[in-house]
$ cat data04.cif   # mmCIF, C-alpha atoms
data_upload
loop_
_atom_site.label_atom_id
_atom_site.label_comp_id
_atom_site.auth_asym_id
_atom_site.auth_seq_id
_atom_site.Cartn_x
_atom_site.Cartn_y
_atom_site.Cartn_z
CA MET H 1 30.38 10.25 37.17
CA ALA H 2 30.72 10.21 40.97
CA ASN H 3 26.93 10.43 41.07
CA TYR H 4 26.44 7.05 39.43
CA LEU H 5 24.30 4.21 40.80
CA PRO H 6 25.64 0.64 40.76
CA ALA H 7 24.30 -1.45 37.85
CA THR H 8 22.25 -3.87 39.96
CA THR H 9 18.68 -5.17 39.98
CA ASP H 10 18.01 -3.00 43.06
CA SER H 11 18.87 0.14 41.09
CA LEU H 12 16.51 -0.98 38.30
CA SER H 13 13.73 -1.60 40.84
CA LEU H 14 14.35 1.87 42.27
CA ALA H 15 13.88 3.39 38.81
CA LEU H 16 10.66 1.46 38.16
CA GLU H 17 9.22 2.41 41.57
CA ALA H 18 9.85 6.15 41.04
CA LYS H 19 6.72 8.33 41.16
CA THR H 20 7.29 10.14 37.85
CA ALA H 21 8.80 9.24 34.50
CA ILE H 22 11.32 12.11 34.90
CA GLU H 23 12.63 10.55 38.14
CA SER H 24 12.88 7.12 36.50
CA ILE H 25 14.83 8.61 33.57
CA SER H 26 17.25 10.34 35.96
CA ILE H 27 17.87 7.11 37.97
CA LEU H 28 18.39 5.01 34.80
CA ARG H 29 20.91 7.54 33.45
CA ARG H 30 22.88 7.23 36.69
CA VAL H 31 22.83 3.41 36.33
CA LEU H 32 24.33 3.76 32.83
CA ASP H 33 27.11 5.98 34.29
CA ASP H 34 28.39 3.02 36.36
CA PRO H 35 32.00 2.44 35.08
CA SER H 36 31.85 -1.30 35.86
CA SER H 37 32.15 -3.60 32.81
CA SER H 38 31.52 -6.95 34.49
CA PRO H 39 29.13 -9.36 32.66
CA ASP H 40 26.40 -8.75 35.29
CA ALA H 41 26.78 -4.97 35.07
CA LEU H 42 26.59 -5.07 31.24
CA ARG H 43 23.45 -7.20 31.43
CA ILE H 44 21.78 -4.79 33.89
CA LYS H 45 22.82 -1.83 31.72
CA GLU H 46 21.19 -3.49 28.70
CA GLN H 47 17.91 -3.73 30.66
CA ALA H 48 18.34 -0.12 31.82
CA ILE H 49 18.77 1.06 28.20
CA THR H 50 15.53 -0.72 27.21
CA LYS H 51 13.61 0.87 30.12
CA LEU H 52 15.16 4.31 29.51
CA THR H 53 14.24 4.12 25.81
CA ASP H 54 10.62 3.31 26.73
CA PHE H 55 10.38 6.20 29.22
CA LEU H 56 11.90 8.71 26.77
CA ARG H 57 9.51 7.55 24.05
CA GLN H 58 6.51 7.94 26.40
CA GLU H 59 7.67 11.48 27.20
CA ASN H 60 8.19 12.21 23.45
CA LYS H 61 11.84 13.19 24.07
CA ALA H 62 13.15 12.35 20.58
CA GLU H 63 16.23 14.61 20.85
CA GLU H 64 17.26 12.91 24.11
CA LEU H 65 16.94 9.49 22.44
CA ARG H 66 19.32 10.71 19.75
CA THR H 67 21.79 11.94 22.40
CA LEU H 68 21.48 8.59 24.23
CA LEU H 69 22.56 6.76 21.07
CA THR H 70 25.72 8.88 20.89
CA GLN H 71 26.46 8.48 24.62
CA LEU H 72 26.19 4.67 24.39
CA ARG H 73 29.00 4.27 21.84
CA PRO H 74 31.67 3.37 24.45
CA TYR H 75 29.23 0.76 25.88
CA PHE H 76 28.72 -0.72 22.38
CA SER H 77 32.44 -1.55 22.18
CA LEU H 78 32.04 -3.83 25.23
CA ILE H 79 29.08 -5.92 24.06
CA PRO H 80 28.57 -8.31 21.09
CA LYS H 81 27.75 -6.74 17.71
CA ALA H 82 24.36 -8.50 17.52
CA LYS H 83 23.28 -6.90 20.82
CA THR H 84 24.51 -3.51 19.61
CA ALA H 85 22.40 -3.89 16.45
CA LYS H 86 19.34 -4.79 18.54
CA ILE H 87 19.75 -1.76 20.85
CA VAL H 88 20.45 0.71 18.00
CA ARG H 89 17.44 -0.46 15.99
CA GLY H 90 15.29 -0.35 19.15
CA ILE H 91 16.22 3.30 19.80
CA ILE H 92 15.65 4.28 16.14
CA ASP H 93 12.21 2.56 16.32
CA ALA H 94 11.45 4.51 19.52
CA VAL H 95 12.30 7.83 17.80
CA ALA H 96 9.98 6.82 14.93
CA LYS H 97 7.07 6.51 17.38
CA VAL H 98 7.46 10.15 18.45
CA PRO H 99 5.23 12.36 16.23
CA ASN H 100 6.73 14.77 13.65
CA THR H 101 10.31 13.46 13.79
CA ALA H 102 10.91 12.48 10.14
CA ASP H 103 13.83 14.92 9.67
CA LEU H 104 15.35 13.90 13.01
CA GLN H 105 15.11 10.21 12.07
CA ILE H 106 16.86 10.87 8.72
CA SER H 107 19.74 12.77 10.34
CA LEU H 108 19.99 10.11 13.09
CA CYS H 109 20.20 7.30 10.50
CA LYS H 110 22.86 9.23 8.53
CA GLU H 111 24.91 9.67 11.74
CA MET H 112 24.62 5.94 12.51
CA VAL H 113 25.64 5.00 8.95
CA GLN H 114 28.83 7.09 9.34
CA TRP H 115 29.57 5.50 12.73
CA THR H 116 28.96 1.93 11.47
CA HIS H 117 31.26 2.62 8.48
CA ALA H 118 34.00 3.77 10.84
CA GLU H 119 33.45 0.81 13.20
CA LYS H 120 33.15 -1.67 10.26
CA ARG H 121 29.80 -2.96 11.49
CA THR H 122 28.42 -4.12 8.12
CA PHE H 123 25.36 -6.01 9.42
CA LEU H 124 24.05 -2.97 11.34
CA ARG H 125 25.01 -0.46 8.62
CA GLN H 126 23.00 -2.29 5.96
CA ARG H 127 19.89 -2.35 8.14
CA VAL H 128 20.21 1.33 9.08
CA GLN H 129 20.70 2.20 5.38
CA ALA H 130 17.52 0.25 4.50
CA ARG H 131 15.69 2.23 7.21
CA LEU H 132 17.14 5.48 5.84
CA ALA H 133 15.93 4.62 2.30
CA ALA H 134 12.40 3.99 3.67
CA LEU H 135 12.44 7.37 5.45
CA LEU H 136 13.69 9.15 2.30
CA MET H 137 10.84 7.54 0.33
CA GLU H 138 8.29 8.73 2.92
CA THR H 139 9.64 12.28 2.60
CA LYS H 140 9.49 11.94 -1.24
CA GLU H 141 13.27 12.14 -1.71
CA TYR H 142 12.93 9.45 -4.39
CA SER H 143 16.20 9.93 -6.30
CA GLU H 144 18.34 9.83 -3.13
CA ALA H 145 16.46 6.75 -1.87
CA LEU H 146 16.86 4.98 -5.22
CA SER H 147 20.62 5.61 -5.45
CA LEU H 148 21.06 4.38 -1.85
CA LEU H 149 19.01 1.22 -2.54
CA SER H 150 20.72 0.31 -5.82
CA GLY H 151 24.15 0.12 -4.12
CA LEU H 152 22.72 -1.67 -1.08
CA ILE H 153 20.96 -4.36 -3.16
CA LYS H 154 24.22 -5.31 -4.95
CA GLU H 155 26.07 -5.52 -1.63
CA VAL H 156 23.36 -7.63 0.10
CA ARG H 157 23.10 -9.99 -2.90
CA ARG H 158 26.84 -10.68 -2.64
CA LEU H 159 26.45 -11.51 1.04
CA ASP H 160 23.32 -13.59 0.31
CA ASP H 161 21.41 -12.14 3.31
CA LYS H 162 17.98 -13.29 2.12
CA LEU H 163 15.89 -11.74 4.92
CA LEU H 164 17.35 -8.27 4.41
CA LEU H 165 17.17 -8.74 0.63
CA VAL H 166 13.41 -9.35 0.87
CA ASP H 167 13.02 -6.07 2.83
CA ILE H 168 15.13 -4.08 0.37
CA GLU H 169 13.52 -5.52 -2.79
CA LEU H 170 10.08 -4.80 -1.30
CA LEU H 171 11.16 -1.24 -0.55
CA GLU H 172 12.47 -0.88 -4.12
CA SER H 173 9.09 -2.09 -5.46
CA LYS H 174 7.26 0.56 -3.38
CA LEU H 175 9.72 3.21 -4.55
CA HIS H 176 9.26 2.39 -8.26
CA PHE H 177 5.48 2.30 -7.74
CA SER H 178 5.64 5.81 -6.22
CA LEU H 179 7.57 6.89 -9.35
CA ARG H 180 4.82 5.27 -11.54
CA ASN H 181 7.30 2.77 -13.01
CA LEU H 182 5.06 -0.31 -12.90
CA PRO H 183 7.33 -2.79 -14.80
CA LYS H 184 10.25 -2.16 -12.41
CA ALA H 185 7.94 -2.28 -9.38
CA LYS H 186 6.69 -5.72 -10.51
CA ALA H 187 10.24 -6.93 -11.21
CA ALA H 188 11.40 -5.87 -7.72
CA LEU H 189 8.37 -7.56 -6.12
CA THR H 190 9.09 -10.79 -8.05
CA ALA H 191 12.70 -10.66 -6.79
CA ALA H 192 11.41 -10.17 -3.21
CA ARG H 193 9.06 -13.19 -3.59
CA THR H 194 11.90 -15.33 -5.00
CA ALA H 195 14.14 -14.46 -2.04
CA ALA H 196 11.23 -15.03 0.40
CA ASN H 197 10.55 -18.52 -1.02
CA ALA H 198 14.05 -19.66 0.03
CA ILE H 199 13.65 -18.74 3.73
CA TYR H 200 11.13 -18.49 6.56
CA VAL H 201 9.47 -15.09 6.28
CA PRO H 202 7.84 -13.59 9.40
CA PRO H 203 4.03 -13.16 9.05
CA ALA H 204 4.27 -9.34 9.11
CA GLN H 205 6.72 -9.34 6.21
CA GLN H 206 4.61 -11.86 4.26
CA GLY H 207 1.61 -9.58 4.83
CA THR H 208 3.61 -6.63 3.44
CA ILE H 209 4.50 -8.67 0.31
CA ASP H 210 0.81 -9.61 -0.19
CA LEU H 211 -0.27 -5.99 0.33
CA GLN H 212 2.20 -4.75 -2.30
CA SER H 213 1.10 -7.55 -4.69
CA GLY H 214 -2.52 -6.47 -4.26
CA ILE H 215 -1.65 -2.82 -4.94
CA LEU H 216 0.20 -3.71 -8.18
CA HIS H 217 -2.60 -6.01 -9.41
CA ALA H 218 -5.20 -3.32 -8.66
CA GLU H 219 -3.09 -0.83 -10.61
CA GLU H 220 -3.30 -3.18 -13.62
CA LYS H 221 -7.13 -3.31 -13.19
CA ASP H 222 -6.95 -6.97 -12.13
CA TYR H 223 -9.16 -6.30 -9.11
CA LYS H 224 -10.17 -9.92 -8.45
CA THR H 225 -6.55 -11.04 -7.99
CA GLY H 226 -5.84 -7.82 -6.08
CA TYR H 227 -8.74 -8.61 -3.72
CA SER H 228 -7.26 -12.08 -3.00
CA TYR H 229 -3.88 -10.57 -2.08
CA PHE H 230 -5.47 -7.85 0.07
CA TYR H 231 -7.45 -10.56 1.88
CA GLU H 232 -4.24 -12.55 2.57
CA ALA H 233 -2.55 -9.37 3.85
CA PHE H 234 -5.59 -8.55 6.02
CA GLU H 235 -5.55 -12.06 7.56
CA ALA H 236 -1.84 -11.72 8.43
CA PHE H 237 -2.11 -8.18 9.86
CA ASN H 238 -5.36 -8.95 11.72
CA ALA H 239 -3.73 -11.93 13.48
CA LEU H 240 -0.80 -9.69 14.52
CA GLU H 241 -3.11 -6.75 15.43
CA ASP H 242 -1.05 -4.65 13.02
CA PRO H 243 -2.57 -1.20 12.23
CA ARG H 244 -2.06 -1.93 8.50
CA ALA H 245 -4.99 -4.40 8.71
CA VAL H 246 -7.47 -1.53 8.30
CA TYR H 247 -5.74 -0.42 5.07
CA SER H 248 -5.84 -3.96 3.67
CA LEU H 249 -9.56 -4.13 4.50
CA LYS H 250 -10.12 -0.71 2.93
CA TYR H 251 -8.44 -1.81 -0.33
CA MET H 252 -10.47 -5.06 -0.29
CA LEU H 253 -13.64 -2.94 -0.23
CA LEU H 254 -12.26 -0.73 -3.03
CA CYS H 255 -11.72 -3.84 -5.19
CA LYS H 256 -15.32 -4.95 -4.54
CA VAL H 257 -16.61 -1.56 -5.72
CA MET H 258 -14.34 -1.59 -8.78
CA VAL H 259 -15.64 -5.02 -9.94
CA ASN H 260 -19.26 -3.82 -9.65
CA GLN H 261 -19.96 -5.72 -6.41
CA ALA H 262 -20.60 -2.68 -4.20
CA ASP H 263 -23.50 -4.50 -2.48
CA ASP H 264 -20.97 -6.86 -0.83
CA VAL H 265 -19.26 -3.97 0.99
CA ALA H 266 -21.85 -3.67 3.79
CA GLY H 267 -21.64 -7.44 4.42
CA ILE H 268 -17.84 -7.37 4.74
CA ILE H 269 -17.95 -4.36 7.11
CA SER H 270 -20.59 -6.03 9.32
CA SER H 271 -18.62 -9.32 9.48
CA LYS H 272 -16.79 -10.29 12.69
CA ALA H 273 -13.42 -9.18 11.29
CA GLY H 274 -14.81 -5.96 9.81
CA LEU H 275 -16.51 -4.79 13.03
CA GLN H 276 -13.11 -4.58 14.77
CA TYR H 277 -11.99 -1.85 12.38
CA LEU H 278 -15.06 0.40 12.25
CA GLY H 279 -13.99 4.00 11.77
CA PRO H 280 -13.53 6.79 9.19
CA ASP H 281 -11.68 4.55 6.67
CA LEU H 282 -14.49 1.99 6.45
CA ASP H 283 -17.17 4.72 6.61
CA ALA H 284 -15.51 6.36 3.59
CA MET H 285 -15.59 3.12 1.56
CA LYS H 286 -19.20 2.46 2.62
CA ALA H 287 -20.19 5.95 1.43
CA ILE H 288 -18.45 5.33 -1.94
CA ALA H 289 -20.14 1.91 -2.26
CA ASP H 290 -23.57 3.46 -1.49
CA ALA H 291 -23.01 6.19 -4.09
CA TYR H 292 -21.90 3.58 -6.63
CA SER H 293 -24.91 1.30 -5.92
CA LYS H 294 -27.32 4.23 -6.34
CA ARG H 295 -25.36 5.42 -9.39
CA SER H 296 -25.37 8.90 -7.84
CA LEU H 297 -22.65 11.34 -8.84
CA LYS H 298 -23.87 13.80 -6.21
CA LEU H 299 -23.43 11.25 -3.40
CA PHE H 300 -20.04 10.28 -4.85
CA GLU H 301 -18.81 13.89 -4.82
CA ALA H 302 -20.24 14.38 -1.32
CA SER H 303 -18.31 11.30 -0.13
CA LEU H 304 -15.08 12.71 -1.59
CA GLU H 305 -15.69 15.97 0.23
CA ASN H 306 -16.68 14.41 3.58
CA PHE H 307 -13.87 11.83 3.63
CA LYS H 308 -11.08 13.77 1.94
CA ALA H 309 -8.34 12.42 4.26
CA GLN H 310 -9.41 8.79 3.77
CA LEU H 311 -10.01 8.96 0.00
CA GLU H 312 -8.18 11.71 -1.88
CA GLU H 313 -5.17 11.82 0.48
CA ASP H 314 -4.69 8.05 0.31
CA PRO H 315 -2.47 7.65 -2.81
CA ILE H 316 -3.68 4.08 -3.51
CA VAL H 317 -7.41 4.89 -3.34
CA HIS H 318 -6.92 8.22 -5.11
CA ARG H 319 -5.39 6.46 -8.16
CA HIS H 320 -8.63 4.54 -8.70
CA LEU H 321 -11.12 7.34 -7.98
CA SER H 322 -10.97 8.88 -11.48
CA SER H 323 -11.73 5.57 -13.22
CA LEU H 324 -14.47 4.92 -10.63
CA TYR H 325 -15.90 8.39 -11.36
CA ASP H 326 -15.89 7.61 -15.10
CA THR H 327 -17.67 4.31 -14.51
CA LEU H 328 -20.23 6.02 -12.30
CA LEU H 329 -20.76 8.75 -14.89
CA GLU H 330 -21.39 6.08 -17.56
CA GLN H 331 -23.87 4.27 -15.31
CA ASN H 332 -25.60 7.54 -14.48
CA LEU H 333 -25.94 8.46 -18.15
CA CYS H 334 -27.27 4.96 -18.97
CA ARG H 335 -29.88 5.36 -16.21
CA LEU H 336 -30.96 8.78 -17.53
CA ILE H 337 -31.28 7.73 -21.19
CA GLU H 338 -33.07 4.41 -20.43
CA PRO H 339 -36.63 5.81 -20.88
CA PHE H 340 -35.86 7.70 -24.11
CA SER H 341 -35.53 6.83 -27.77
CA ARG H 342 -34.65 10.47 -28.63
CA VAL H 343 -33.58 13.11 -26.11
CA GLU H 344 -31.88 16.52 -26.15
CA ILE H 345 -28.28 16.46 -24.91
CA ALA H 346 -28.91 19.73 -23.02
CA HIS H 347 -31.74 18.02 -21.10
CA ILE H 348 -29.44 15.15 -20.03
CA ALA H 349 -26.75 17.68 -19.01
CA GLU H 350 -29.34 19.53 -16.91
CA LEU H 351 -30.47 16.30 -15.20
CA ILE H 352 -26.92 15.18 -14.41
CA GLU H 353 -25.78 18.74 -13.53
CA LEU H 354 -22.71 18.74 -15.81
CA PRO H 355 -21.62 20.96 -18.75
CA VAL H 356 -23.22 20.08 -22.13
CA ASP H 357 -19.88 19.65 -23.98
CA HIS H 358 -18.63 17.27 -21.24
CA VAL H 359 -21.82 15.16 -21.49
CA GLU H 360 -21.70 15.16 -25.30
CA ARG H 361 -18.06 14.03 -25.31
CA LYS H 362 -18.81 11.25 -22.83
CA LEU H 363 -21.87 10.02 -24.79
CA SER H 364 -19.80 9.96 -27.98
CA GLN H 365 -17.12 7.87 -26.22
CA MET H 366 -19.76 5.48 -24.85
CA ILE H 367 -21.27 4.94 -28.33
CA LEU H 368 -17.80 4.19 -29.75
CA ASP H 369 -17.13 1.78 -26.86
CA LYS H 370 -20.50 0.10 -27.65
CA LYS H 371 -21.86 0.77 -24.16
CA PHE H 372 -25.22 1.37 -25.88
CA ALA H 373 -26.52 1.54 -29.49
CA GLY H 374 -27.22 5.06 -30.68
CA THR H 375 -26.02 8.13 -32.56
CA LEU H 376 -25.54 11.83 -31.87
CA ASP H 377 -27.47 14.28 -34.07
CA GLN H 378 -25.27 17.31 -33.45
CA GLY H 379 -27.28 19.52 -35.79
CA ALA H 380 -30.40 19.07 -33.67
CA GLY H 381 -28.40 18.66 -30.43
CA CYS H 382 -30.06 15.28 -29.80
CA LEU H 383 -29.11 11.78 -28.84
CA ILE H 384 -30.97 9.04 -30.75
CA ILE H 385 -31.03 5.67 -28.99
CA PHE H 386 -31.59 2.47 -30.96
CA ASP H 387 -33.17 -0.70 -29.63
CA ASP H 388 -30.67 -3.47 -29.03
CA PRO H 389 -30.39 -5.26 -32.39
CA LYS H 390 -31.62 -8.85 -32.11
CA THR H 391 -29.65 -11.42 -34.06
CA ASP H 392 -31.90 -13.28 -36.54
CA ALA H 393 -31.31 -17.03 -36.44
CA ILE H 394 -31.92 -17.28 -40.23
CA TYR H 395 -28.50 -15.76 -40.96
CA ASP H 396 -26.63 -18.47 -39.06
CA ALA H 397 -28.75 -21.17 -40.71
CA THR H 398 -28.11 -19.68 -44.20
CA LEU H 399 -24.35 -19.59 -43.61
CA GLU H 400 -24.43 -23.22 -42.46
CA THR H 401 -26.41 -24.24 -45.61
CA ILE H 402 -23.99 -22.42 -47.94
CA SER H 403 -21.05 -24.10 -46.15
CA SER H 404 -22.68 -27.53 -46.64
CA VAL H 405 -23.40 -26.82 -50.35
CA ALA H 406 -19.78 -25.76 -50.81
CA LYS H 407 -18.61 -29.09 -49.38
CA VAL H 408 -20.97 -31.02 -51.72
CA VAL H 409 -19.73 -29.08 -54.78
CA ASP H 410 -16.11 -29.72 -53.80
CA SER H 411 -16.85 -33.45 -53.40
CA LEU H 412 -18.59 -33.64 -56.82
CA PHE H 413 -15.69 -31.78 -58.47
CA ILE H 414 -13.20 -34.32 -57.07
CA ARG H 415 -15.34 -37.24 -58.31
CA SER H 416 -15.79 -35.77 -61.81
CA ALA H 417 -12.03 -35.17 -62.03
CA LYS H 418 -11.42 -38.88 -61.25
CA ILE H 419 -13.99 -40.00 -63.89
CA MET H 420 -12.46 -37.69 -66.54
CA ALA H 421 -9.02 -39.07 -65.74
#
$ encode --input "data04.cif" --output "structure tokens"
Amino acid sequence: MANYLPATTDSLSLALEAKTAIESISILRRVLDDPSSSPDALRIKEQAITKLTDFLRQENKAEELRTLLTQLRPYFSLIPKAKTAKIVRGIIDAVAKVPNTADLQISLCKEMVQWTHAEKRTFLRQRVQARLAALLMETKEYSEALSLLSGLIKEVRRLDDKLLLVDIELLESKLHFSLRNLPKAKAALTAARTAANAIYVPPAQQGTIDLQSGILHAEEKDYKTGYSYFYEAFEAFNALEDPRAVYSLKYMLLCKVMVNQADDVAGIISSKAGLQYLGPDLDAMKAIADAYSKRSLKLFEASLENFKAQLEEDPIVHRHLSSLYDTLLEQNLCRLIEPFSRVEIAHIAELIELPVDHVERKLSQMILDKKFAGTLDQGAGCLIIFDDPKTDAIYDATLETISSVAKVVDSLFIRSAKIMA
């Protein structure tokens, strides 16, 4: 303690002028050791905490950030609660930027929840609990996250804290979506939108709501509406230079492919907005769009192999890949059977490089779904394709004539009944 530096602007300047980050950290720690609690000293200490947090984050010292949060507790009792909340959330955000610290973040949030309970700091506790629920969801601890959120939502609704309620409802929607409970995910999103309509929502949060809306619409196969929401989210994130912009753009391209407009993908990527985000994510979607346009299963499978991280490991894209594969398989089969009126199923299987029973099952399903007119001759192992039946206009004309005759007969019957009466 005797080694402290006075909490003055000169001490801060000394820390910023130091040659290495380690020296700066050491000087800033000594500034925080100053026992003075005058308004000027507290203000300088607040600036020192911000600088120290930045230096520790740059040096990836997550454990030291955690220790700093514990050491600052006596200081927190001297400053307003709102400033305490700002500093605590800033340090937790800094720890989150250090790679591979998910477990540390969870334990840090749990510690802070216990401390805020003891100190009766409700505002801060609720926000740390919301952060903890998000971390638990990321680590797939769904049941723990859900139980934490359900209690928190009731509490926040009573307090009518709309901004926090939007965050929590949005988190609940994502959680239910991860658990494949679509009705509850939609209900939570609707609740988040209702709360958001009553207040000013920051652009980043509005973008998150639009992104979640797009994901839920895409899950229901309503890709056109999903595309609109992804576009709104992309606009918001792009303006803020938020890294989530590339994911919004990626899902926009996915929607284009899913509604059979794969040719538009290259145009969107080469647009002014798209060129900013060139990289593996957009290359992956371009490869899928090319495979889809060429109706090539081989190219499709090659794309999945080459861009595994961007396609199969992305849970949103991965959900739609199987239906996209089915669509592509149908298109491929249609292309192969186009020249034939009768063809062996084994020959089609050889051309498409898939097992015969798999091809036969798919062709049977396509006939039942009326994707083309034909029948399977399983005895001969052949597929017989019929020409598209043309509707003869005489049938419609005949039905119209019979309808007119029926009206005439009805009219004559009514007249004869009146005469007989």
$ closest_residue --input "data04.cif" --among "H:Thr122, H:Gln261, H:Gln206, H:Thr327" --to "H:Lys224" --atoms "all atoms listed in the file"
H:Gln261
$ residues_near_point --input "data04.cif" --point "(11.2, 8.3, 17.3)" --cutoff "10 Å" --atoms "all atoms listed in the file" --output "number ranges by chain"
H: 53, 56-57, 60-63, 65-66, 90-102, 104-105, 108
$ resolve_selection --input "data04.cif" --expression "the PyMOL selection byres ((chain H and resi 73-80) around 10)" --output "list in words"
Leu32, Pro35, Ser37, Ser38, Pro39, Leu42, Arg43, Lys45, Glu46, Leu68, Leu69, Thr70, Gln71, Leu72, Lys81, Ala82, Lys83, Thr84, Ala85, Ile87, Val88, Trp115 and Glu119 of chain H
$ axis_aligned_box --input "data04.cif" --around "stretch 285-296 of chain H" --padding-each-side "8 Å" --output "JSON"
{"center_x": -21.5, "center_y": 5.1, "center_z": -3.4, "size_x": 27.7, "size_y": 23.6, "size_z": 28.0}
$ residues_near_point --input "data04.cif" --point "(-30.2, 5.8, -10.0)" --cutoff "8 Å" --atoms "all atoms listed in the file" --output "MDAnalysis selection string"
chainID H and resid 294:296 332 335
